[in-house]
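Asks: Just one file: query_18.tsv, with TSV, N, CA and C atoms.
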chain	number	residue	atom	x	y	z
N	20	ARG	N	0.82	-1.20	0.00
N	20	ARG	CA	0.00	0.00	0.00
N	20	ARG	C	0.86	1.26	0.00
N	21	GLU	N	1.92	1.30	0.79
N	21	GLU	CA	2.75	2.49	0.87
N	21	GLU	C	3.43	2.78	-0.47
N	22	VAL	N	3.91	1.76	-1.15
N	22	VAL	CA	4.54	1.95	-2.46
N	22	VAL	C	3.52	2.51	-3.44
N	23	PHE	N	2.32	1.97	-3.42
N	23	PHE	CA	1.25	2.45	-4.29
N	23	PHE	C	1.00	3.94	-4.04
N	24	GLU	N	0.85	4.33	-2.78
N	24	GLU	CA	0.58	5.73	-2.46
N	24	GLU	C	1.75	6.64	-2.84
N	25	ASP	N	2.98	6.18	-2.62
N	25	ASP	CA	4.15	6.97	-3.02
N	25	ASP	C	4.17	7.17	-4.53
N	26	ASP	N	3.92	6.12	-5.28
N	26	ASP	CA	3.88	6.24	-6.74
N	26	ASP	C	2.72	7.12	-7.19
N	27	TRP	N	1.56	6.94	-6.59
N	27	TRP	CA	0.37	7.70	-6.95
N	27	TRP	C	0.62	9.20	-6.76
N	28	HIS	N	1.23	9.56	-5.65
N	28	HIS	CA	1.46	10.98	-5.37
N	28	HIS	C	2.74	11.50	-6.01
N	29	GLY	N	3.81	10.75	-5.92
N	29	GLY	CA	5.10	11.24	-6.38
N	29	GLY	C	5.38	11.05	-7.85
N	30	ASN	N	4.71	10.10	-8.48
N	30	ASN	CA	4.94	9.80	-9.90
N	30	ASN	C	3.64	9.80	-10.68
N	31	PHE	N	2.75	10.69	-10.33
N	31	PHE	CA	1.40	10.68	-10.88
N	31	PHE	C	1.37	10.60	-12.41
N	32	GLY	N	2.17	11.41	-13.07
N	32	GLY	CA	2.13	11.48	-14.53
N	32	GLY	C	2.61	10.23	-15.25
N	33	THR	N	3.31	9.36	-14.54
N	33	THR	CA	3.81	8.13	-15.16
N	33	THR	C	3.26	6.89	-14.45
N	34	PHE	N	2.20	7.09	-13.71
N	34	PHE	CA	1.62	6.03	-12.88
N	34	PHE	C	0.72	5.12	-13.71
N	35	THR	N	0.75	3.83	-13.37
N	35	THR	CA	-0.19	2.86	-13.92
N	35	THR	C	-0.88	2.18	-12.75
N	36	PHE	N	-2.20	2.15	-12.77
N	36	PHE	CA	-2.93	1.45	-11.74
N	36	PHE	C	-2.60	-0.04	-11.81
N	37	PRO	N	-2.33	-0.67	-10.66
N	37	PRO	CA	-2.07	-2.12	-10.68
N	37	PRO	C	-3.22	-2.86	-11.36
N	38	GLY	N	-2.90	-3.55	-12.44
N	38	GLY	CA	-3.92	-4.27	-13.19
N	38	GLY	C	-4.88	-3.36	-13.94
N	39	GLY	N	-4.49	-2.09	-14.09
N	39	GLY	CA	-5.41	-1.14	-14.70
N	39	GLY	C	-4.77	-0.25	-15.74
N	40	GLU	N	-5.26	0.95	-15.81
N	40	GLU	CA	-4.94	1.87	-16.89
N	40	GLU	C	-3.78	2.81	-16.54
N	41	PHE	N	-2.97	3.08	-17.52
N	41	PHE	CA	-1.88	4.04	-17.45
N	41	PHE	C	-2.51	5.43	-17.40
N	42	ILE	N	-2.06	6.30	-16.50
N	42	ILE	CA	-2.62	7.64	-16.35
N	42	ILE	C	-2.68	8.37	-17.69
N	43	GLN	N	-1.63	8.28	-18.46
N	43	GLN	CA	-1.58	8.98	-19.74
N	43	GLN	C	-2.66	8.47	-20.71
N	44	ASP	N	-2.93	7.17	-20.68
N	44	ASP	CA	-3.97	6.61	-21.54
N	44	ASP	C	-5.35	7.13	-21.13
N	45	GLY	N	-5.59	7.17	-19.83
N	45	GLY	CA	-6.87	7.69	-19.34
N	45	GLY	C	-7.04	9.16	-19.69
N	46	ALA	N	-5.95	9.92	-19.56
N	46	ALA	CA	-6.00	11.34	-19.89
N	46	ALA	C	-6.30	11.55	-21.37
N	47	GLU	N	-5.67	10.76	-22.21
N	47	GLU	CA	-5.91	10.89	-23.65
N	47	GLU	C	-7.34	10.51	-24.01
N	48	ARG	N	-7.86	9.48	-23.39
N	48	ARG	CA	-9.25	9.07	-23.64
N	48	ARG	C	-10.21	10.19	-23.23
N	49	PHE	N	-9.98	10.77	-22.05
N	49	PHE	CA	-10.83	11.87	-21.58
N	49	PHE	C	-10.68	13.08	-22.50
N	50	TYR	N	-9.45	13.41	-22.87
N	50	TYR	CA	-9.18	14.54	-23.76
N	50	TYR	C	-9.98	14.40	-25.06
N	51	ASN	N	-9.95	13.22	-25.65
N	51	ASN	CA	-10.68	13.00	-26.90
N	51	ASN	C	-12.18	13.16	-26.74
N	52	CYS	N	-12.71	12.74	-25.59
N	52	CYS	CA	-14.14	12.93	-25.32
N	52	CYS	C	-14.48	14.41	-25.16
N	53	VAL	N	-13.61	15.15	-24.46
N	53	VAL	CA	-13.85	16.58	-24.27
N	53	VAL	C	-13.75	17.32	-25.59
N	54	ILE	N	-12.82	16.93	-26.45
N	54	ILE	CA	-12.73	17.53	-27.80
N	54	ILE	C	-14.06	17.34	-28.53
N	55	ASP	N	-14.61	16.13	-28.50
N	55	ASP	CA	-15.88	15.86	-29.17
N	55	ASP	C	-16.99	16.74	-28.61
N	56	ILE	N	-17.05	16.85	-27.29
N	56	ILE	CA	-18.09	17.68	-26.65
N	56	ILE	C	-17.90	19.15	-27.05
N	57	ALA	N	-16.67	19.63	-27.02
N	57	ALA	CA	-16.39	21.02	-27.38
N	57	ALA	C	-16.77	21.29	-28.84
N	58	GLN	N	-16.40	20.37	-29.73
N	58	GLN	CA	-16.73	20.53	-31.16
N	58	GLN	C	-18.24	20.57	-31.39
N	59	ASP	N	-18.97	19.80	-30.61
N	59	ASP	CA	-20.43	19.76	-30.76
N	59	ASP	C	-21.12	20.96	-30.12
N	60	ASN	N	-20.37	21.78	-29.39
N	60	ASN	CA	-20.98	22.89	-28.65
N	60	ASN	C	-20.22	24.20	-28.84
N	61	ILE	N	-19.73	24.43	-30.04
N	61	ILE	CA	-18.99	25.65	-30.35
N	61	ILE	C	-19.83	26.87	-29.97
N	62	GLY	N	-19.20	27.80	-29.25
N	62	GLY	CA	-19.87	29.04	-28.86
N	62	GLY	C	-20.71	28.93	-27.60
N	63	LYS	N	-20.78	27.75	-27.02
N	63	LYS	CA	-21.58	27.55	-25.81
N	63	LYS	C	-20.67	27.37	-24.60
N	64	THR	N	-21.24	27.60	-23.44
N	64	THR	CA	-20.55	27.30	-22.19
N	64	THR	C	-21.02	25.93	-21.75
N	65	ILE	N	-20.09	25.04	-21.44
N	65	ILE	CA	-20.45	23.69	-21.01
N	65	ILE	C	-19.76	23.39	-19.68
N	66	ILE	N	-20.29	22.41	-18.99
N	66	ILE	CA	-19.68	21.94	-17.75
N	66	ILE	C	-19.50	20.43	-17.86
N	67	ILE	N	-18.35	19.97	-17.41
N	67	ILE	CA	-18.05	18.54	-17.41
N	67	ILE	C	-17.58	18.19	-16.02
N	68	ALA	N	-18.15	17.19	-15.42
N	68	ALA	CA	-17.74	16.73	-14.09
N	68	ALA	C	-16.89	15.47	-14.24
N	69	ALA	N	-15.83	15.40	-13.42
N	69	ALA	CA	-14.94	14.25	-13.48
N	69	ALA	C	-14.21	14.10	-12.15
N	70	HIS	N	-13.57	12.97	-11.99
N	70	HIS	CA	-12.75	12.72	-10.80
N	70	HIS	C	-11.49	13.57	-10.85
N	71	ALA	N	-10.93	13.84	-9.67
N	71	ALA	CA	-9.75	14.70	-9.55
N	71	ALA	C	-8.57	14.21	-10.38
N	72	ALA	N	-8.32	12.92	-10.40
N	72	ALA	CA	-7.18	12.39	-11.15
N	72	ALA	C	-7.34	12.65	-12.65
N	73	VAL	N	-8.54	12.50	-13.15
N	73	VAL	CA	-8.81	12.74	-14.57
N	73	VAL	C	-8.61	14.22	-14.89
N	74	ILE	N	-9.12	15.08	-14.02
N	74	ILE	CA	-8.97	16.53	-14.23
N	74	ILE	C	-7.49	16.91	-14.20
N	75	ARG	N	-6.76	16.38	-13.25
N	75	ARG	CA	-5.34	16.69	-13.11
N	75	ARG	C	-4.56	16.26	-14.36
N	76	ALA	N	-4.81	15.06	-14.82
N	76	ALA	CA	-4.11	14.56	-16.00
N	76	ALA	C	-4.50	15.35	-17.25
N	77	PHE	N	-5.77	15.66	-17.40
N	77	PHE	CA	-6.25	16.46	-18.52
N	77	PHE	C	-5.59	17.84	-18.50
N	78	TRP	N	-5.54	18.45	-17.31
N	78	TRP	CA	-4.95	19.79	-17.18
N	78	TRP	C	-3.46	19.76	-17.55
N	79	ALA	N	-2.79	18.68	-17.19
N	79	ALA	CA	-1.38	18.53	-17.58
N	79	ALA	C	-1.25	18.51	-19.09
N	80	MET	N	-2.13	17.80	-19.75
N	80	MET	CA	-2.08	17.71	-21.22
N	80	MET	C	-2.27	19.07	-21.85
N	81	ILE	N	-3.31	19.80	-21.43
N	81	ILE	CA	-3.60	21.08	-22.09
N	81	ILE	C	-2.63	22.17	-21.67
N	82	SER	N	-1.89	21.94	-20.59
N	82	SER	CA	-0.89	22.90	-20.12
N	82	SER	C	0.51	22.57	-20.61
N	83	ASN	N	0.62	21.50	-21.37
N	83	ASN	CA	1.92	21.05	-21.92
N	83	ASN	C	2.96	20.78	-20.83
N	84	VAL	N	2.50	20.20	-19.73
N	84	VAL	CA	3.42	19.82	-18.65
N	84	VAL	C	3.90	18.40	-18.96
N	85	ALA	N	5.19	18.20	-18.89
N	85	ALA	CA	5.75	16.86	-19.13
N	85	ALA	C	5.18	15.89	-18.11
N	86	TRP	N	4.91	14.67	-18.54
N	86	TRP	CA	4.32	13.67	-17.65
N	86	TRP	C	5.19	13.43	-16.42
N	87	THR	N	6.48	13.53	-16.56
N	87	THR	CA	7.38	13.33	-15.42
N	87	THR	C	7.32	14.49	-14.43
N	88	ASP	N	6.74	15.61	-14.81
N	88	ASP	CA	6.67	16.79	-13.96
N	88	ASP	C	5.29	17.07	-13.37
N	89	VAL	N	4.30	16.26	-13.71
N	89	VAL	CA	2.94	16.54	-13.27
N	89	VAL	C	2.84	16.59	-11.75
N	90	ALA	N	3.41	15.62	-11.06
N	90	ALA	CA	3.29	15.57	-9.60
N	90	ALA	C	3.84	16.84	-8.96
N	91	ALA	N	4.90	17.38	-9.49
N	91	ALA	CA	5.52	18.57	-8.91
N	91	ALA	C	4.84	19.87	-9.33
N	92	GLN	N	4.20	19.88	-10.50
N	92	GLN	CA	3.69	21.14	-11.04
N	92	GLN	C	2.18	21.32	-10.94
N	93	ILE	N	1.45	20.23	-10.89
N	93	ILE	CA	-0.02	20.36	-10.88
N	93	ILE	C	-0.58	19.55	-9.71
N	94	PRO	N	-1.09	20.22	-8.70
N	94	PRO	CA	-1.67	19.49	-7.57
N	94	PRO	C	-3.02	18.87	-7.96
N	95	PHE	N	-3.48	17.93	-7.15
N	95	PHE	CA	-4.85	17.44	-7.35
N	95	PHE	C	-5.79	18.62	-7.15
N	96	PRO	N	-6.84	18.72	-7.96
N	96	PRO	CA	-7.83	19.77	-7.70
N	96	PRO	C	-8.58	19.45	-6.42
N	97	THR	N	-9.03	20.47	-5.72
N	97	THR	CA	-9.76	20.25	-4.48
N	97	THR	C	-11.17	19.73	-4.79
N	98	ASN	N	-11.75	19.06	-3.81
N	98	ASN	CA	-13.11	18.55	-3.96
N	98	ASN	C	-14.09	19.69	-4.24
N	99	ALA	N	-14.99	19.48	-5.15
N	99	ALA	CA	-16.04	20.42	-5.53
N	99	ALA	C	-15.51	21.72	-6.13
N	100	SER	N	-14.27	21.69	-6.60
N	100	SER	CA	-13.72	22.88	-7.26
N	100	SER	C	-14.12	22.85	-8.74
N	101	TYR	N	-13.84	23.95	-9.41
N	101	TYR	CA	-14.06	23.99	-10.85
N	101	TYR	C	-12.83	24.58	-11.51
N	102	SER	N	-12.64	24.22	-12.75
N	102	SER	CA	-11.54	24.76	-13.55
N	102	SER	C	-12.16	25.33	-14.82
N	103	VAL	N	-11.50	26.32	-15.37
N	103	VAL	CA	-12.02	27.02	-16.54
N	103	VAL	C	-10.99	26.96	-17.66
N	104	LEU	N	-11.47	26.69	-18.85
N	104	LEU	CA	-10.61	26.71	-20.03
N	104	LEU	C	-11.43	27.16	-21.21
N	105	SER	N	-10.75	27.53	-22.26
N	105	SER	CA	-11.46	27.89	-23.48
N	105	SER	C	-11.06	26.92	-24.58
N	106	TYR	N	-11.90	26.85	-25.58
N	106	TYR	CA	-11.64	25.98	-26.73
N	106	TYR	C	-11.85	26.80	-27.98
N	107	ASN	N	-10.82	26.81	-28.84
N	107	ASN	CA	-10.92	27.59	-30.06
N	107	ASN	C	-10.03	26.94	-31.12
N	108	PHE	N	-10.62	26.68	-32.27
N	108	PHE	CA	-9.88	26.12	-33.40
N	108	PHE	C	-9.10	24.86	-33.02
N	109	GLY	N	-9.75	23.96	-32.28
N	109	GLY	CA	-9.16	22.68	-31.94
N	109	GLY	C	-8.15	22.71	-30.81
N	110	LYS	N	-8.04	23.85	-30.11
N	110	LYS	CA	-7.04	23.98	-29.05
N	110	LYS	C	-7.69	24.45	-27.76
N	111	PHE	N	-7.30	23.81	-26.65
N	111	PHE	CA	-7.73	24.23	-25.32
N	111	PHE	C	-6.72	25.21	-24.75
N	112	THR	N	-7.22	26.24	-24.10
N	112	THR	CA	-6.38	27.19	-23.40
N	112	THR	C	-6.76	27.18	-21.93
N	113	PRO	N	-5.85	26.79	-21.03
N	113	PRO	CA	-6.15	26.79	-19.60
N	113	PRO	C	-6.32	28.22	-19.09
N	114	ILE	N	-7.32	28.45	-18.25
N	114	ILE	CA	-7.57	29.79	-17.71
N	114	ILE	C	-7.46	29.79	-16.18
N	115	GLN	N	-8.24	28.95	-15.51
N	115	GLN	CA	-8.21	28.87	-14.04
N	115	GLN	C	-8.30	27.41	-13.64
N	116	TYR	N	-7.52	27.04	-12.62
N	116	TYR	CA	-7.47	25.65	-12.18
N	116	TYR	C	-7.88	25.53	-10.72
N	117	SER	N	-8.76	24.61	-10.45
N	117	SER	CA	-9.16	24.22	-9.09
N	117	SER	C	-9.62	25.40	-8.24
N	118	ARG	N	-10.58	26.13	-8.75
N	118	ARG	CA	-11.15	27.25	-8.01
N	118	ARG	C	-12.15	26.71	-7.00
N	119	ASP	N	-12.03	27.13	-5.75
N	119	ASP	CA	-12.95	26.62	-4.73
N	119	ASP	C	-13.42	27.69	-3.74
N	120	GLU	N	-13.26	28.97	-4.11
N	120	GLU	CA	-13.69	30.05	-3.22
N	120	GLU	C	-15.18	30.00	-2.92
N	121	HIS	N	-15.95	29.48	-3.84
N	121	HIS	CA	-17.40	29.41	-3.65
N	121	HIS	C	-17.77	28.55	-2.44
N	122	LEU	N	-16.91	27.63	-2.06
N	122	LEU	CA	-17.20	26.76	-0.92
N	122	LEU	C	-17.16	27.54	0.40
N	123	SER	N	-16.15	28.40	0.56
N	123	SER	CA	-16.05	29.16	1.81
N	123	SER	C	-17.17	30.18	1.92
N	124	GLU	N	-17.69	30.64	0.79
N	124	GLU	CA	-18.79	31.59	0.81
N	124	GLU	C	-20.05	31.01	1.42
N	125	VAL	N	-20.17	29.68	1.38
N	125	VAL	CA	-21.35	29.03	1.99
N	125	VAL	C	-20.97	28.27	3.28
N	126	GLY	N	-19.77	28.56	3.81
N	126	GLY	CA	-19.37	28.00	5.08
N	126	GLY	C	-18.71	26.64	5.04
N	127	ILE	N	-18.29	26.20	3.86
N	127	ILE	CA	-17.60	24.90	3.74
N	127	ILE	C	-16.10	25.20	3.67
N	128	THR	N	-15.34	24.52	4.51
N	128	THR	CA	-13.90	24.71	4.48
N	128	THR	C	-13.29	23.81	3.42
N	129	LYS	N	-12.16	24.21	2.93
N	129	LYS	CA	-11.45	23.47	1.90
N	129	LYS	C	-11.01	22.09	2.40
N	130	VAL	N	-11.25	21.09	1.61
N	130	VAL	CA	-10.83	19.74	1.93
N	130	VAL	C	-9.95	19.26	0.78
N	131	ASN	N	-8.70	18.98	1.07
N	131	ASN	CA	-7.78	18.52	0.03
N	131	ASN	C	-7.83	17.00	-0.10
N	132	LEU	N	-7.62	16.52	-1.29
N	132	LEU	CA	-7.51	15.08	-1.54
N	132	LEU	C	-6.17	14.60	-0.99
N	133	ILE	N	-6.15	13.39	-0.52
N	133	ILE	CA	-4.87	12.83	-0.07
N	133	ILE	C	-4.49	11.67	-0.96
Take the structure in the file and write it out as structure tokens.
Replies:
Amino acid sequence: REVFEDDWHGNFGTFTFPGGEFIQDGAERFYNCVIDIAQDNIGKTIIIAAHAAVIRAFWAMISNVAWTDVAAQIPFPTNASYSVLSYNFGKFTPIQYSRDEHLSEVGITKVNLI
């Protein structure tokens, strides 16, 4: 368990779930789905909900962060946070990542993923 957690946190961008999917493969699959959704909704504002690991990996892709640097450069997004990006001519542009100020406005304190 400890090795798994160390790899999950310290080597996130190059992590493979035991008996499961490589983080990069999951990120690419999600990226392709989001491209399809964006293409089908040009000019509209859309919302997509996903798990923190998927959001983190996707954000690394659109931010051009090397997979070996994801753990050091992109933290897990906080629970119930939102991120903002734009889509134009087949390209995503990151704008805001893991915004959670709205939670404190209603009396919820920030809870980080471990």
Asks: Please, what is the axis-aligned box for every listed atom of stretch 67-74 of chain N with 4 Å on each side, as centre and edge lengths in Å to one decimal, as JSON?
Replies:
{"center_x": -12.8, "center_y": 16.2, "center_z": -13.5, "size_x": 19.2, "size_y": 15.6, "size_z": 15.9}
Asks: Could you check which residues have any atom within 8 Å of (-19.1, 18.4, -19.6), counting only N, CA and C atoms with coordinates taken straight from the file, and then list them as a PyMOL selection string?
Replies: chain N and resi 53+56-57+65-69
Asks: Considering only strand (DSSP E or B) as DSSP defines it on the backbone, what residues of stretch 20-121 of chain N qualify? List them as a list in words.
Replies: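 Residues of stretch 20-121 of chain N classed as strand (DSSP E or B): Thr35, Phe41, Tyr101, Ser102, Val103, Leu104, Ser105, Tyr106, Asn107, Lys110, Phe111, Thr112, Pro113, Ile114, Gln115, Tyr116, Ser117 and Arg118 of chain N.
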Asks: What is the atom C of N:Trp27-atom N of N:Phe41 distance in Å, reported with one decimal?
Replies: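 Atom N of N:Phe41 lies 12.9 Å from atom C of N:Trp27.
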Asks: Please report, as a compact mmCIF listing (two decimals) with N, CA and C atoms, keeping the file's coordinate frame, each residue of chain N to which DSSP assigns alpha helix (DSSP H) when run on this structure's backbone.
Replies:
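Contents of states28.txt, as written:
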# COMPACT_ATOMS: atom_id res chain seq x y z
N GLU N 21 1.92 1.30 0.79
CA GLU N 21 2.75 2.49 0.87
C GLU N 21 3.43 2.78 -0.47
N VAL N 22 3.91 1.76 -1.15
CA VAL N 22 4.54 1.95 -2.46
C VAL N 22 3.52 2.51 -3.44
N PHE N 23 2.32 1.97 -3.42
CA PHE N 23 1.25 2.45 -4.29
C PHE N 23 1.00 3.94 -4.04
N GLU N 24 0.85 4.33 -2.78
CA GLU N 24 0.58 5.73 -2.46
C GLU N 24 1.75 6.64 -2.84
N ASP N 25 2.98 6.18 -2.62
CA ASP N 25 4.15 6.97 -3.02
C ASP N 25 4.17 7.17 -4.53
N ASP N 26 3.92 6.12 -5.28
CA ASP N 26 3.88 6.24 -6.74
C ASP N 26 2.72 7.12 -7.19
N TRP N 27 1.56 6.94 -6.59
CA TRP N 27 0.37 7.70 -6.95
C TRP N 27 0.62 9.20 -6.76
N HIS N 28 1.23 9.56 -5.65
CA HIS N 28 1.46 10.98 -5.37
C HIS N 28 2.74 11.50 -6.01
N GLY N 29 3.81 10.75 -5.92
CA GLY N 29 5.10 11.24 -6.38
C GLY N 29 5.38 11.05 -7.85
N ILE N 42 -2.06 6.30 -16.50
CA ILE N 42 -2.62 7.64 -16.35
C ILE N 42 -2.68 8.37 -17.69
N GLN N 43 -1.63 8.28 -18.46
CA GLN N 43 -1.58 8.98 -19.74
C GLN N 43 -2.66 8.47 -20.71
N ASP N 44 -2.93 7.17 -20.68
CA ASP N 44 -3.97 6.61 -21.54
C ASP N 44 -5.35 7.13 -21.13
N GLY N 45 -5.59 7.17 -19.83
CA GLY N 45 -6.87 7.69 -19.34
C GLY N 45 -7.04 9.16 -19.69
N ALA N 46 -5.95 9.92 -19.56
CA ALA N 46 -6.00 11.34 -19.89
C ALA N 46 -6.30 11.55 -21.37
N GLU N 47 -5.67 10.76 -22.21
CA GLU N 47 -5.91 10.89 -23.65
C GLU N 47 -7.34 10.51 -24.01
N ARG N 48 -7.86 9.48 -23.39
CA ARG N 48 -9.25 9.07 -23.64
C ARG N 48 -10.21 10.19 -23.23
N PHE N 49 -9.98 10.77 -22.05
CA PHE N 49 -10.83 11.87 -21.58
C PHE N 49 -10.68 13.08 -22.50
N TYR N 50 -9.45 13.41 -22.87
CA TYR N 50 -9.18 14.54 -23.76
C TYR N 50 -9.98 14.40 -25.06
N ASN N 51 -9.95 13.22 -25.65
CA ASN N 51 -10.68 13.00 -26.90
C ASN N 51 -12.18 13.16 -26.74
N CYS N 52 -12.71 12.74 -25.59
CA CYS N 52 -14.14 12.93 -25.32
C CYS N 52 -14.48 14.41 -25.16
N VAL N 53 -13.61 15.15 -24.46
CA VAL N 53 -13.85 16.58 -24.27
C VAL N 53 -13.75 17.32 -25.59
N ILE N 54 -12.82 16.93 -26.45
CA ILE N 54 -12.73 17.53 -27.80
C ILE N 54 -14.06 17.34 -28.53
N ASP N 55 -14.61 16.13 -28.50
CA ASP N 55 -15.88 15.86 -29.17
C ASP N 55 -16.99 16.74 -28.61
N ILE N 56 -17.05 16.85 -27.29
CA ILE N 56 -18.09 17.68 -26.65
C ILE N 56 -17.90 19.15 -27.05
N ALA N 57 -16.67 19.63 -27.02
CA ALA N 57 -16.39 21.02 -27.38
C ALA N 57 -16.77 21.29 -28.84
N GLN N 58 -16.40 20.37 -29.73
CA GLN N 58 -16.73 20.53 -31.16
C GLN N 58 -18.24 20.57 -31.39
N ASP N 59 -18.97 19.80 -30.61
CA ASP N 59 -20.43 19.76 -30.76
C ASP N 59 -21.12 20.96 -30.12
N ALA N 71 -10.93 13.84 -9.67
CA ALA N 71 -9.75 14.70 -9.55
C ALA N 71 -8.57 14.21 -10.38
N ALA N 72 -8.32 12.92 -10.40
CA ALA N 72 -7.18 12.39 -11.15
C ALA N 72 -7.34 12.65 -12.65
N VAL N 73 -8.54 12.50 -13.15
CA VAL N 73 -8.81 12.74 -14.57
C VAL N 73 -8.61 14.22 -14.89
N ILE N 74 -9.12 15.08 -14.02
CA ILE N 74 -8.97 16.53 -14.23
C ILE N 74 -7.49 16.91 -14.20
N ARG N 75 -6.76 16.38 -13.25
CA ARG N 75 -5.34 16.69 -13.11
C ARG N 75 -4.56 16.26 -14.36
N ALA N 76 -4.81 15.06 -14.82
CA ALA N 76 -4.11 14.56 -16.00
C ALA N 76 -4.50 15.35 -17.25
N PHE N 77 -5.77 15.66 -17.40
CA PHE N 77 -6.25 16.46 -18.52
C PHE N 77 -5.59 17.84 -18.50
N TRP N 78 -5.54 18.45 -17.31
CA TRP N 78 -4.95 19.79 -17.18
C TRP N 78 -3.46 19.76 -17.55
N ALA N 79 -2.79 18.68 -17.19
CA ALA N 79 -1.38 18.53 -17.58
C ALA N 79 -1.25 18.51 -19.09
N MET N 80 -2.13 17.80 -19.75
CA MET N 80 -2.08 17.71 -21.22
C MET N 80 -2.27 19.07 -21.85
N ILE N 81 -3.31 19.80 -21.43
CA ILE N 81 -3.60 21.08 -22.09
C ILE N 81 -2.63 22.17 -21.67
N VAL N 89 4.30 16.26 -13.71
CA VAL N 89 2.94 16.54 -13.27
C VAL N 89 2.84 16.59 -11.75
N ALA N 90 3.41 15.62 -11.06
CA ALA N 90 3.29 15.57 -9.60
C ALA N 90 3.84 16.84 -8.96
N ALA N 91 4.90 17.38 -9.49
CA ALA N 91 5.52 18.57 -8.91
C ALA N 91 4.84 19.87 -9.33
N GLN N 92 4.20 19.88 -10.50
CA GLN N 92 3.69 21.14 -11.04
C GLN N 92 2.18 21.32 -10.94
N GLU N 120 -13.26 28.97 -4.11
CA GLU N 120 -13.69 30.05 -3.22
C GLU N 120 -15.18 30.00 -2.92
N HIS N 121 -15.95 29.48 -3.84
CA HIS N 121 -17.40 29.41 -3.65
C HIS N 121 -17.77 28.55 -2.44
N LEU N 122 -16.91 27.63 -2.06
CA LEU N 122 -17.20 26.76 -0.92
C LEU N 122 -17.16 27.54 0.40
N SER N 123 -16.15 28.40 0.56
CA SER N 123 -16.05 29.16 1.81
C SER N 123 -17.17 30.18 1.92
N GLU N 124 -17.69 30.64 0.79
CA GLU N 124 -18.79 31.59 0.81
C GLU N 124 -20.05 31.01 1.42
Asks: Mind checking which residues fall within 10 Å of N:Ala76, counting only C-alpha atoms, ignoring those fewer than 2 positions away in the same chain, and posting them as a tab-separated table (two decimals) with N, CA and C atoms, in the coordinates of the input?
Replies:
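Saved as out.tsv:
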chain	number	residue	atom	x	y	z
N	31	PHE	N	2.75	10.69	-10.33
N	31	PHE	CA	1.40	10.68	-10.88
N	31	PHE	C	1.37	10.60	-12.41
N	32	GLY	N	2.17	11.41	-13.07
N	32	GLY	CA	2.13	11.48	-14.53
N	32	GLY	C	2.61	10.23	-15.25
N	42	ILE	N	-2.06	6.30	-16.50
N	42	ILE	CA	-2.62	7.64	-16.35
N	42	ILE	C	-2.68	8.37	-17.69
N	43	GLN	N	-1.63	8.28	-18.46
N	43	GLN	CA	-1.58	8.98	-19.74
N	43	GLN	C	-2.66	8.47	-20.71
N	44	ASP	N	-2.93	7.17	-20.68
N	44	ASP	CA	-3.97	6.61	-21.54
N	44	ASP	C	-5.35	7.13	-21.13
N	45	GLY	N	-5.59	7.17	-19.83
N	45	GLY	CA	-6.87	7.69	-19.34
N	45	GLY	C	-7.04	9.16	-19.69
N	46	ALA	N	-5.95	9.92	-19.56
N	46	ALA	CA	-6.00	11.34	-19.89
N	46	ALA	C	-6.30	11.55	-21.37
N	47	GLU	N	-5.67	10.76	-22.21
N	47	GLU	CA	-5.91	10.89	-23.65
N	47	GLU	C	-7.34	10.51	-24.01
N	49	PHE	N	-9.98	10.77	-22.05
N	49	PHE	CA	-10.83	11.87	-21.58
N	49	PHE	C	-10.68	13.08	-22.50
N	50	TYR	N	-9.45	13.41	-22.87
N	50	TYR	CA	-9.18	14.54	-23.76
N	50	TYR	C	-9.98	14.40	-25.06
N	71	ALA	N	-10.93	13.84	-9.67
N	71	ALA	CA	-9.75	14.70	-9.55
N	71	ALA	C	-8.57	14.21	-10.38
N	72	ALA	N	-8.32	12.92	-10.40
N	72	ALA	CA	-7.18	12.39	-11.15
N	72	ALA	C	-7.34	12.65	-12.65
N	73	VAL	N	-8.54	12.50	-13.15
N	73	VAL	CA	-8.81	12.74	-14.57
N	73	VAL	C	-8.61	14.22	-14.89
N	74	ILE	N	-9.12	15.08	-14.02
N	74	ILE	CA	-8.97	16.53	-14.23
N	74	ILE	C	-7.49	16.91	-14.20
N	78	TRP	N	-5.54	18.45	-17.31
N	78	TRP	CA	-4.95	19.79	-17.18
N	78	TRP	C	-3.46	19.76	-17.55
N	79	ALA	N	-2.79	18.68	-17.19
N	79	ALA	CA	-1.38	18.53	-17.58
N	79	ALA	C	-1.25	18.51	-19.09
N	80	MET	N	-2.13	17.80	-19.75
N	80	MET	CA	-2.08	17.71	-21.22
N	80	MET	C	-2.27	19.07	-21.85
N	81	ILE	N	-3.31	19.80	-21.43
N	81	ILE	CA	-3.60	21.08	-22.09
N	81	ILE	C	-2.63	22.17	-21.67
N	82	SER	N	-1.89	21.94	-20.59
N	82	SER	CA	-0.89	22.90	-20.12
N	82	SER	C	0.51	22.57	-20.61
N	84	VAL	N	2.50	20.20	-19.73
N	84	VAL	CA	3.42	19.82	-18.65
N	84	VAL	C	3.90	18.40	-18.96
N	86	TRP	N	4.91	14.67	-18.54
N	86	TRP	CA	4.32	13.67	-17.65
N	86	TRP	C	5.19	13.43	-16.42
N	89	VAL	N	4.30	16.26	-13.71
N	89	VAL	CA	2.94	16.54	-13.27
N	89	VAL	C	2.84	16.59	-11.75
N	90	ALA	N	3.41	15.62	-11.06
N	90	ALA	CA	3.29	15.57	-9.60
N	90	ALA	C	3.84	16.84	-8.96
N	93	ILE	N	1.45	20.23	-10.89
N	93	ILE	CA	-0.02	20.36	-10.88
N	93	ILE	C	-0.58	19.55	-9.71
N	95	PHE	N	-3.48	17.93	-7.15
N	95	PHE	CA	-4.85	17.44	-7.35
N	95	PHE	C	-5.79	18.62	-7.15
Asks: Between N:Tyr106, N:Asn83, N:Tyr101, N:Asn30, which is the closest to N:Asp59 once you count only C-alpha atoms?
Replies: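 For N:Asp59, the nearest of the candidates is N:Tyr106.
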Asks: For atom C of N:Asp119 and atom C of N:Gly29, quote the distance in Å rounded to one decimal.
Replies: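 Going from atom C of N:Asp119 over to atom C of N:Gly29, I get 25.4 Å.
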Asks: Between atom CA of N:Pro96 and atom CA of N:His70, what is the distance in Å, rounded to a tenth?
Replies: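 Taking atom CA of N:Pro96 and atom CA of N:His70, their separation equals 9.1 Å.
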